[in-house]
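Chemist: My structure file input_22.cif, mmCIF, C-alpha atoms and all ligand atoms, is below:
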```
data_protein
loop_
_atom_site.label_atom_id
_atom_site.label_comp_id
_atom_site.auth_asym_id
_atom_site.auth_seq_id
_atom_site.Cartn_x
_atom_site.Cartn_y
_atom_site.Cartn_z
CA MET A 198 21.58 -158.71 37.56
CA PRO A 199 22.69 -156.24 40.28
CA LEU A 200 23.21 -157.61 43.82
CA ILE A 201 21.13 -154.74 45.12
CA THR A 202 18.41 -153.39 42.84
CA PRO A 203 18.74 -149.62 42.37
CA ILE A 204 15.70 -147.49 43.17
CA ILE A 205 15.32 -144.24 41.22
CA PRO A 206 12.76 -141.67 42.43
CA VAL A 207 10.60 -140.21 39.65
CA ASN A 208 7.76 -137.72 39.65
CA ASP A 209 4.57 -139.16 38.16
CA ASP A 210 3.35 -135.79 36.82
CA GLU A 211 6.62 -134.97 35.05
CA PRO A 212 8.76 -138.10 34.83
CA ASP A 213 12.46 -137.22 34.46
CA PRO A 214 13.44 -138.26 30.90
CA THR A 215 16.91 -139.41 32.01
CA ALA A 216 15.43 -141.92 34.48
CA VAL A 217 12.75 -143.02 31.99
CA ASN A 218 15.31 -143.50 29.21
CA GLN A 219 17.59 -145.50 31.47
CA ALA A 220 14.67 -147.79 32.37
CA ALA A 221 13.58 -148.04 28.73
CA GLY A 222 17.13 -149.04 27.75
CA ILE A 223 17.05 -151.87 30.29
CA LEU A 224 13.70 -153.07 28.92
CA ARG A 225 14.90 -152.91 25.30
CA ARG A 226 17.94 -155.02 26.27
CA GLY A 227 15.68 -157.68 27.80
CA GLY A 228 15.90 -156.62 31.47
CA LEU A 229 13.25 -156.20 34.20
CA VAL A 230 12.01 -152.86 35.56
CA ALA A 231 9.40 -152.34 38.28
CA PHE A 232 7.21 -149.23 37.91
CA ALA A 233 4.00 -147.86 39.36
CA THR A 234 0.70 -148.11 37.55
CA GLU A 235 -2.41 -146.52 39.06
CA THR A 236 -3.36 -149.90 40.58
CA VAL A 237 -0.21 -151.59 41.93
CA TYR A 238 3.48 -151.70 40.98
CA GLY A 239 4.13 -153.86 37.92
CA LEU A 240 7.23 -155.87 37.02
CA GLY A 241 7.81 -155.02 33.37
CA ALA A 242 9.57 -156.74 30.50
CA ASP A 243 9.41 -156.24 26.72
CA ALA A 244 6.27 -158.23 25.85
CA THR A 245 7.66 -159.08 22.41
CA ASN A 246 10.85 -160.67 23.83
CA PRO A 247 10.23 -164.22 25.12
CA GLU A 248 13.55 -164.48 27.03
CA ALA A 249 12.83 -161.22 28.85
CA VAL A 250 9.32 -162.34 29.75
CA ALA A 251 10.65 -165.69 31.00
CA ARG A 252 12.78 -163.70 33.50
CA ILE A 253 9.59 -162.27 35.03
CA PHE A 254 8.36 -165.78 35.83
CA GLN A 255 11.77 -166.65 37.36
CA ALA A 256 12.02 -163.51 39.49
CA LYS A 257 8.49 -163.93 40.88
CA GLY A 258 8.49 -167.72 41.19
CA ARG A 259 5.30 -167.51 39.15
CA PRO A 260 3.80 -170.69 37.69
CA SER A 261 4.18 -170.71 33.90
CA PHE A 262 0.44 -171.38 33.39
CA ASN A 263 -0.52 -167.93 34.70
CA PRO A 264 -0.67 -165.41 31.81
CA LEU A 265 0.57 -161.81 32.04
CA ILE A 266 -1.20 -158.54 31.25
CA VAL A 267 0.30 -156.49 28.41
CA HIS A 268 0.47 -152.72 28.91
CA ALA A 269 0.25 -150.17 26.11
CA ASP A 270 0.63 -146.37 26.09
CA ARG A 271 -2.08 -145.76 23.51
CA VAL A 272 -4.94 -147.57 21.81
CA GLU A 273 -3.03 -148.25 18.55
CA MET A 274 -0.38 -150.17 20.48
CA ALA A 275 -3.06 -152.16 22.35
CA ARG A 276 -4.67 -153.00 19.01
CA ASP A 277 -1.33 -154.24 17.65
CA CYS A 278 -1.32 -156.86 20.43
CA VAL A 279 -4.69 -158.38 19.45
CA LEU A 280 -6.15 -160.03 16.35
CA GLN A 281 -9.61 -158.53 16.61
CA TRP A 282 -10.73 -155.24 18.06
CA PRO A 283 -14.50 -155.49 18.51
CA GLU A 284 -16.75 -152.48 18.93
CA SER A 285 -17.14 -153.36 22.61
CA ALA A 286 -13.37 -152.91 23.07
CA ASP A 287 -13.58 -149.53 21.39
CA ILE A 288 -16.38 -148.40 23.69
CA LEU A 289 -14.66 -149.63 26.84
CA ALA A 290 -11.31 -148.11 25.82
CA ARG A 291 -13.04 -144.76 25.35
CA CYS A 292 -14.86 -145.01 28.70
CA PHE A 293 -12.15 -146.47 30.93
CA TRP A 294 -8.66 -146.09 29.40
CA PRO A 295 -6.24 -145.07 30.59
CA GLY A 296 -7.44 -146.91 33.67
CA PRO A 297 -7.80 -150.11 35.68
CA LEU A 298 -9.60 -152.28 33.11
CA THR A 299 -7.88 -155.20 31.35
CA LEU A 300 -9.51 -156.51 28.16
CA VAL A 301 -8.96 -160.15 27.19
CA LEU A 302 -9.00 -160.48 23.37
CA PRO A 303 -7.65 -162.87 20.70
CA ARG A 304 -3.87 -162.61 20.67
CA ALA A 305 -1.78 -161.25 17.78
CA ALA A 306 1.40 -163.01 16.61
CA ILE A 307 3.75 -160.33 18.06
CA ILE A 308 2.82 -161.56 21.55
CA PRO A 309 4.80 -164.75 22.30
CA ASP A 310 3.42 -167.87 24.00
CA VAL A 311 5.24 -167.25 27.26
CA VAL A 312 3.20 -164.05 27.86
CA THR A 313 -0.18 -165.74 27.50
CA ALA A 314 0.83 -169.13 28.93
CA GLY A 315 0.14 -170.62 25.51
CA ARG A 316 -3.41 -169.26 25.30
CA ASP A 317 -4.78 -167.76 22.13
CA THR A 318 -6.00 -164.72 24.09
CA VAL A 319 -4.12 -161.81 25.65
CA GLY A 320 -5.07 -159.32 28.37
CA VAL A 321 -4.27 -155.68 27.45
CA ARG A 322 -4.68 -152.34 29.18
CA ILE A 323 -3.46 -148.74 29.17
CA PRO A 324 -2.42 -147.80 32.71
CA ASP A 325 -3.32 -144.40 34.13
CA SER A 326 0.12 -143.47 35.41
CA GLY A 327 2.47 -140.89 33.94
CA VAL A 328 5.57 -142.99 34.65
CA ALA A 329 4.08 -146.17 33.14
CA ARG A 330 2.99 -144.46 29.93
CA ALA A 331 6.27 -142.51 29.56
CA LEU A 332 8.19 -145.75 30.05
CA ILE A 333 6.15 -147.66 27.46
CA GLU A 334 6.46 -144.79 25.00
CA ALA A 335 10.23 -144.54 25.48
CA THR A 336 10.59 -148.32 25.09
CA GLY A 337 8.43 -148.25 21.97
CA ARG A 338 7.06 -151.72 22.71
CA PRO A 339 4.20 -153.19 24.68
CA ILE A 340 5.26 -154.13 28.22
CA ALA A 341 4.19 -157.35 29.93
CA ALA A 342 3.81 -156.69 33.64
CA PRO A 343 2.33 -158.72 36.47
CA SER A 344 2.19 -157.24 39.96
CA ALA A 345 5.78 -156.81 41.21
CA ASN A 346 5.65 -159.26 44.12
CA ARG A 347 6.64 -162.86 44.77
CA SER A 348 3.99 -165.19 43.41
CA THR A 349 1.05 -165.62 45.88
CA GLY A 350 2.21 -162.60 47.93
CA ILE A 351 0.56 -159.23 48.38
CA SER A 352 0.63 -156.84 45.42
CA PRO A 353 2.94 -153.86 46.05
CA THR A 354 1.54 -150.34 46.32
CA GLU A 355 4.85 -148.69 47.27
CA ALA A 356 8.42 -149.09 45.99
CA TRP A 357 9.71 -150.57 49.27
CA HIS A 358 7.15 -153.38 49.00
CA VAL A 359 8.77 -154.27 45.67
CA SER A 360 12.34 -154.20 46.99
CA ASN A 361 11.28 -156.22 50.03
CA ASP A 362 10.18 -159.03 47.71
CA LEU A 363 12.42 -158.75 44.66
CA ASP A 364 15.66 -156.98 45.65
CA GLY A 365 18.60 -158.38 43.66
CA LYS A 366 16.25 -160.26 41.33
CA ILE A 367 15.34 -157.35 39.03
CA ASP A 368 17.34 -154.60 37.32
CA LEU A 369 15.64 -151.39 38.45
CA ILE A 370 12.75 -149.95 40.47
CA LEU A 371 11.23 -146.59 39.50
CA ASP A 372 9.80 -145.10 42.70
CA SER A 373 6.94 -142.69 42.04
CA GLY A 374 5.34 -143.06 45.46
CA GLN A 375 2.17 -144.79 46.56
CA THR A 376 -0.24 -146.00 43.87
CA GLY A 377 -3.68 -144.37 43.84
CA VAL A 378 -6.23 -147.10 43.14
CA GLY A 379 -4.42 -149.72 45.20
CA ILE A 380 -5.93 -153.00 43.95
CA GLU A 381 -5.39 -154.81 40.66
CA SER A 382 -7.37 -153.99 37.51
CA THR A 383 -10.73 -155.48 36.63
CA VAL A 384 -10.11 -158.27 34.08
CA LEU A 385 -12.87 -158.58 31.46
CA ASP A 386 -13.07 -161.40 28.90
CA LEU A 387 -14.38 -160.01 25.62
CA THR A 388 -13.95 -163.31 23.75
CA THR A 389 -17.16 -164.75 25.23
CA SER A 390 -20.73 -163.65 24.72
CA PRO A 391 -21.85 -162.12 26.97
CA PRO A 392 -18.53 -160.69 28.19
CA ARG A 393 -17.44 -161.95 31.58
CA VAL A 394 -15.52 -160.43 34.49
CA LEU A 395 -12.66 -162.78 35.39
CA ARG A 396 -11.29 -160.66 38.24
CA PRO A 397 -13.30 -157.92 39.98
CA GLY A 398 -11.59 -154.56 40.47
CA SER A 399 -12.46 -150.94 41.11
CA ILE A 400 -14.31 -150.71 37.78
CA THR A 401 -17.47 -152.65 38.59
CA VAL A 402 -19.53 -154.98 36.44
CA GLU A 403 -22.37 -152.46 36.68
CA GLN A 404 -20.19 -149.73 35.17
CA ILE A 405 -19.19 -152.06 32.32
CA ARG A 406 -22.82 -153.07 31.70
CA GLU A 407 -23.82 -149.44 31.58
CA ALA A 408 -21.03 -148.53 29.14
CA LEU A 409 -21.83 -151.43 26.80
CA GLY A 410 -25.59 -151.33 27.22
CA ARG A 411 -25.70 -155.11 27.32
CA GLU A 412 -25.45 -157.99 29.68
CA VAL A 413 -22.07 -158.68 31.28
CA LEU A 414 -21.48 -161.64 33.56
CA GLY A 415 -19.93 -161.00 36.95
CA GLN A 416 -17.41 -163.40 38.36
CA ALA A 417 -20.00 -164.92 40.69
CA ASP A 418 -22.24 -165.81 37.72
CA ARG A 419 -19.63 -168.15 36.39
CA PRO A 420 -20.32 -171.81 37.03
CA PRO A 421 -16.88 -172.98 38.26
CA GLU A 422 -17.06 -176.19 36.24
CA ALA A 423 -17.87 -174.35 33.00
CA GLN A 424 -14.48 -172.69 32.43
CA PRO A 425 -12.09 -173.95 35.07
CA HIS A 426 -9.05 -172.18 33.60
CA SER A 427 -10.63 -169.01 32.27
CA SER A 428 -8.62 -166.88 34.68
CA PRO A 429 -5.74 -169.01 35.81
CA GLY A 430 -4.36 -166.36 38.15
CA GLN A 431 -7.47 -166.60 40.25
CA MET A 432 -6.13 -169.34 42.46
CA ASP A 433 -7.45 -169.60 45.98
CA VAL A 434 -4.16 -168.91 47.69
CA HIS A 435 -3.32 -165.48 46.38
CA TYR A 436 -2.74 -162.02 47.77
CA ALA A 437 -1.92 -163.72 51.08
CA PRO A 438 -0.05 -161.98 53.89
CA ARG A 439 2.51 -164.04 55.81
CA THR A 440 0.77 -163.16 59.06
CA PRO A 441 -1.98 -165.72 59.79
CA THR A 442 -5.12 -163.94 58.63
CA PHE A 443 -8.70 -164.76 59.59
CA ARG A 444 -12.03 -163.28 58.66
CA VAL A 445 -14.98 -163.10 61.01
CA GLU A 446 -18.50 -162.77 59.69
CA HIS A 447 -21.56 -162.48 61.86
CA VAL A 448 -19.51 -163.73 64.76
CA ALA A 449 -20.45 -163.16 68.38
CA VAL A 450 -18.10 -160.63 69.92
CA ASP A 451 -17.29 -163.18 72.65
CA ALA A 452 -15.84 -165.54 70.07
CA LEU A 453 -13.07 -163.11 69.16
CA PRO A 454 -9.54 -163.79 70.36
CA ARG A 455 -8.58 -162.86 73.93
CA GLU A 456 -4.92 -163.83 73.72
CA GLY A 457 -1.96 -163.06 71.49
CA ARG A 458 -1.04 -159.81 69.78
CA TRP A 459 -3.36 -159.10 66.93
CA VAL A 460 -4.63 -156.39 64.64
CA LEU A 461 -8.24 -155.89 63.60
CA ILE A 462 -9.27 -154.47 60.23
CA SER A 463 -12.97 -153.72 59.86
CA LEU A 464 -14.47 -152.69 56.55
CA GLY A 465 -17.63 -150.70 55.97
CA GLU A 466 -20.12 -149.90 58.68
CA THR A 467 -20.04 -153.27 60.39
CA SER A 468 -22.00 -154.06 63.50
CA ILE A 469 -18.83 -154.91 65.43
CA ALA A 470 -16.75 -152.01 64.20
CA ASP A 471 -16.27 -150.80 67.78
CA ALA A 472 -13.14 -152.55 69.01
CA SER A 473 -13.62 -151.54 72.61
CA SER A 474 -16.36 -154.14 72.98
CA MET A 475 -14.14 -156.94 71.73
CA GLY A 476 -11.09 -158.85 72.86
CA ARG A 477 -8.13 -156.50 72.79
CA PRO A 478 -6.54 -155.97 69.41
CA ASP A 479 -3.24 -154.07 69.45
CA ARG A 480 -4.66 -151.88 66.76
CA HIS A 481 -8.00 -151.37 65.05
CA ILE A 482 -7.95 -150.12 61.45
CA ARG A 483 -11.31 -148.93 60.12
CA LEU A 484 -11.79 -148.65 56.37
CA LEU A 485 -15.20 -147.16 55.82
CA THR A 486 -15.61 -146.83 52.03
CA PRO A 487 -14.62 -149.07 49.09
CA THR A 488 -12.30 -146.36 47.71
CA GLU A 489 -10.52 -145.97 51.05
CA ALA A 490 -10.25 -149.75 51.44
CA GLU A 491 -8.95 -150.31 47.90
CA SER A 492 -6.31 -147.62 48.17
CA SER A 493 -4.93 -148.71 51.54
CA LEU A 494 -5.70 -152.40 52.25
CA TYR A 495 -2.48 -153.77 50.70
CA SER A 496 -0.32 -151.13 52.42
CA HIS A 497 -1.81 -152.13 55.76
CA LEU A 498 -1.20 -155.82 55.01
CA GLN A 499 2.44 -155.11 54.08
CA SER A 500 3.04 -153.15 57.30
CA ILE A 501 1.31 -155.81 59.39
CA ASP A 502 3.64 -158.45 57.91
CA LEU A 503 6.62 -156.41 59.07
CA SER A 504 5.23 -155.73 62.54
CA GLY A 505 5.66 -159.25 63.90
CA ILE A 506 2.17 -159.50 65.39
CA ASP A 507 0.66 -162.97 65.92
CA PHE A 508 -2.34 -162.69 63.66
CA LEU A 509 -4.74 -160.45 61.80
CA VAL A 510 -8.53 -160.51 62.04
CA ILE A 511 -10.59 -158.97 59.25
CA VAL A 512 -14.28 -158.10 59.53
CA PRO A 513 -15.38 -158.09 55.86
CA PRO A 514 -17.64 -155.41 54.38
CA PRO A 515 -21.27 -156.14 53.49
CA ASP A 516 -22.07 -158.31 50.47
CA GLU A 517 -22.80 -155.39 48.13
CA PRO A 518 -21.66 -154.84 44.52
CA ARG A 519 -19.47 -151.86 45.35
CA TRP A 520 -17.50 -153.98 47.84
CA LEU A 521 -17.09 -156.97 45.51
CA ALA A 522 -13.41 -156.45 44.60
CA ILE A 523 -12.37 -155.97 48.23
CA ARG A 524 -14.39 -159.02 49.35
CA ASP A 525 -12.69 -161.06 46.60
CA ARG A 526 -9.20 -160.07 47.84
CA ILE A 527 -10.11 -160.63 51.51
CA TRP A 528 -11.43 -164.11 50.80
CA ARG A 529 -8.18 -164.99 49.02
CA ALA A 530 -6.03 -163.54 51.83
CA SER A 531 -7.81 -165.17 54.78
CA ARG A 532 -9.50 -168.19 56.29
CA PRO A 533 -12.63 -168.24 58.43
CA TRP A 534 -12.28 -167.71 62.16
CA PRO A 535 -12.16 -169.76 64.27
CA ALA A 536 -12.37 -172.97 62.23
CA GLY A 537 -8.99 -172.72 60.51
CA ARG A 538 -7.04 -171.11 63.31
CA GLN A 539 -5.04 -174.21 64.23
CA ASP A 540 -3.91 -174.68 60.60
CA SER A 541 -0.70 -173.19 59.29
CA ALA A 542 -1.05 -169.79 57.73
CA ASN A 543 -2.42 -169.30 54.25
CA GLY A 544 -0.43 -172.03 52.55
CA GLU A 545 2.62 -169.77 52.22
O1 LIG B 601 -3.71 -153.83 37.88
C1 LIG B 601 -3.18 -154.80 37.32
O2 LIG B 601 -3.80 -155.56 36.57
C2 LIG B 601 -1.70 -155.04 37.61
C3 LIG B 601 -0.90 -153.90 37.02
C4 LIG B 601 0.60 -154.11 37.14
O3 LIG B 601 -1.30 -153.69 35.69
N1 LIG B 601 -1.28 -156.30 37.07
C5 LIG B 601 -1.65 -157.49 37.63
O4 LIG B 601 -1.09 -158.58 36.98
O5 LIG B 601 -2.39 -157.59 38.58
P1 LIG B 601 -1.12 -160.05 37.58
O6 LIG B 601 -0.24 -160.83 36.68
O7 LIG B 601 -0.77 -160.02 39.01
O8 LIG B 601 -2.59 -160.53 37.33
C6 LIG B 601 -3.05 -160.73 36.02
C7 LIG B 601 -4.38 -161.42 36.02
C8 LIG B 601 -4.26 -162.87 36.43
O9 LIG B 601 -5.38 -163.22 37.20
C9 LIG B 601 -4.26 -163.57 35.07
O10 LIG B 601 -4.67 -164.90 35.15
C10 LIG B 601 -5.24 -162.71 34.31
O11 LIG B 601 -4.93 -161.39 34.70
N2 LIG B 601 -5.01 -162.83 32.85
C11 LIG B 601 -3.99 -162.31 32.13
N3 LIG B 601 -4.09 -162.67 30.83
C12 LIG B 601 -5.19 -163.43 30.72
C13 LIG B 601 -5.83 -164.14 29.65
N4 LIG B 601 -5.33 -164.13 28.42
N5 LIG B 601 -6.96 -164.82 29.93
C14 LIG B 601 -7.47 -164.84 31.18
N6 LIG B 601 -6.91 -164.23 32.25
C15 LIG B 601 -5.79 -163.53 32.03
MG MG B 602 -0.42 -160.54 40.93
#
```
Any chance you could put this one into structure tokens?
Modeler:
Amino acid sequence: MPLITPIIPVNDDEPDPTAVNQAAGILRRGGLVAFATETVYGLGADATNPEAVARIFQAKGRPSFNPLIVHADRVEMARDCVLQWPESADILARCFWPGPLTLVLPRAAIIPDVVTAGRDTVGVRIPDSGVARALIEATGRPIAAPSANRSTGISPTEAWHVSNDLDGKIDLILDSGQTGVGIESTVLDLTTSPPRVLRPGSITVEQIREALGREVLGQADRPPEAQPHSSPGQMDVHYAPRTPTFRVEHVAVDALPREGRWVLISLGETSIADASSMGRPDRHIRLLTPTEAESSLYSHLQSIDLSGIDFLVIVPPPDEPRWLAIRDRIWRASRPWPAGRQDSANGE
């Protein structure tokens, strides 16, 4: 493992074959390479090599019970990773791949236990990024890749976020700039009937229902006691900034902080989106639409962590389906204001 992880710039539209082949060589030899997908940067290893995949867990400090998503460059490779390929998978692959939708299906024998945390299912997707698909094609194997951050930290949307977290712990970073979608893929379990969203993302449950023409359960429809481990990565402390982070909902403006250096992020057209009427944040970031929020929220959180401010206050967007994924991430990154303010930050 290099002391300092090299970062090679690559163009996503026309990835330089020399850089891609170098990265593919590392993966074939069992090493770790970070690369951009359309959602967030992933930390890749050869999904068919258990020792290589074990290194991902070590580098991230990830608990071994949290399964990884396997990435393919085309549908045939995705099908090789699963035992059954139902018609619903076919329809969704045609509608949404390449793209930010992960399908959980019965696992094939080429995928070792360490990838799926011993489960008999595996999550697969085809990412919509030129670099990711060129890398998988050059490697010739499916690539297991969680988000390329320390476990429980914020998912990286730029190469420097990755090196900040994992420098010296991984073999190479391919830097193809900022990711477009900006939050992790929607995870859909196709092994249950009806199918169930395990993690909301930019592809909404409504879009999936429409594509399949049948009922699909959203995450909120899931009785927590029914399937406690159905999506083991969905732990409460996740996606958390190091900066103490609070959310305020329907709060009187007077109740907002009047001391300390803090940043305000407001999402959607909220009633208190005008910072001038509040205590004095150092900075007010307004994210008006779900697309804008998804593409930039993590970048803002990463910069805020570097800025040394005392705390971050988030005004969440309205409880509407199109904001579901962002609300999910905000709830995991924050605690309510002011109740939890005296506690230590986010369990980091
Ligand atoms: O957009 C994404 O999905 C990014 C990029 C790199 O593809 N990857 C990502 O991976 O976010 P990660 O490891 O940070 O999150 C994977 C999520 C976790 O919540 C995990 O529990 C869930 O997918 N998952 C993976 N395999 C599963 C399975 N067999 N059953 C249920 N949940 C699964
Ligand atoms: Mg992650």
Chemist: Which residues are close to Arg519 (chain A), i.e. within 12 Å by all atoms listed in the file, leaving aside same-chain residues fewer than 6 positions away? Reply as a compact mmCIF listing (two decimals) with C-alpha atoms, in the frame of the given file.
Modeler:
```txt
# COMPACT_ATOMS: atom_id res chain seq x y z
CA PRO A 397 -13.30 -157.92 39.98
CA GLY A 398 -11.59 -154.56 40.47
CA SER A 399 -12.46 -150.94 41.11
CA ILE A 400 -14.31 -150.71 37.78
CA THR A 401 -17.47 -152.65 38.59
CA VAL A 402 -19.53 -154.98 36.44
CA GLU A 403 -22.37 -152.46 36.68
CA GLN A 404 -20.19 -149.73 35.17
CA GLY A 465 -17.63 -150.70 55.97
CA THR A 486 -15.61 -146.83 52.03
CA PRO A 487 -14.62 -149.07 49.09
CA THR A 488 -12.30 -146.36 47.71
CA ALA A 490 -10.25 -149.75 51.44
CA GLU A 491 -8.95 -150.31 47.90
CA ASP A 525 -12.69 -161.06 46.60
```
Chemist: Which residues come within 7 Å of region 368-376 of chain A, counting all atoms listed in the file, excluding same-chain residues fewer than 4 positions away, as a PyMOL selection string?
Modeler: chain A and resi 198-199+202-209+228-237+354-356
Chemist: Kindly provide, as a PyMOL selection string, all nucleotide and amino acid residues lying within 7 Å of ligand LIG 601 (chain B), counting all atoms listed in the file.
Modeler: chain A and resi 234+236-240+263-266+297+299+301+313+316+318-320+324+342-344+380-384+386+395-396+427-431
Chemist: Could you tell me how far CA of Gly258 (chain A) sits from CA of Lys366 (chain A), in Å to one decimal place?
Modeler: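 Separation between CA of Lys366 (chain A) and CA of Gly258 (chain A): 10.8 Å.
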Chemist: Between CA of Pro247 (chain A) and CA of Val312 (chain A), what is the distance in Å, rounded to a tenth?
Modeler: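 Separation of CA of Pro247 (chain A) and CA of Val312 (chain A): 7.5 Å.
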Chemist: Using all atoms listed in the file, which of A:Ser390, A:Ser531, A:Ser496, A:Ser326 sits nearest Pro353 (chain A)?
Modeler: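 Result for the nearest residue to Pro353 (chain A): A:Ser496.
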Chemist: For the interface of region 356-395 of chain A with region 278-287 of chain A (cut-off 12 Å, counting only C-alpha atoms), please tabulate each contacting residue of region 356-395 of chain A alongside its nearest pair of atoms and their separation in Å to one decimal, rows sorted by chain and increasing number, as CSV.
Modeler:
```
residue,atom,partner,partner_atom,distance
A:Leu385,CA,A:Ala286,CA,10.1
A:Asp386,CA,A:Ala286,CA,10.3
A:Leu387,CA,A:Ala286,CA,7.6
A:Thr388,CA,A:Pro283,CA,9.4
A:Thr389,CA,A:Ser285,CA,11.7
A:Ser390,CA,A:Ser285,CA,11.1
A:Pro391,CA,A:Ser285,CA,10.9
A:Pro392,CA,A:Ser285,CA,9.3
```
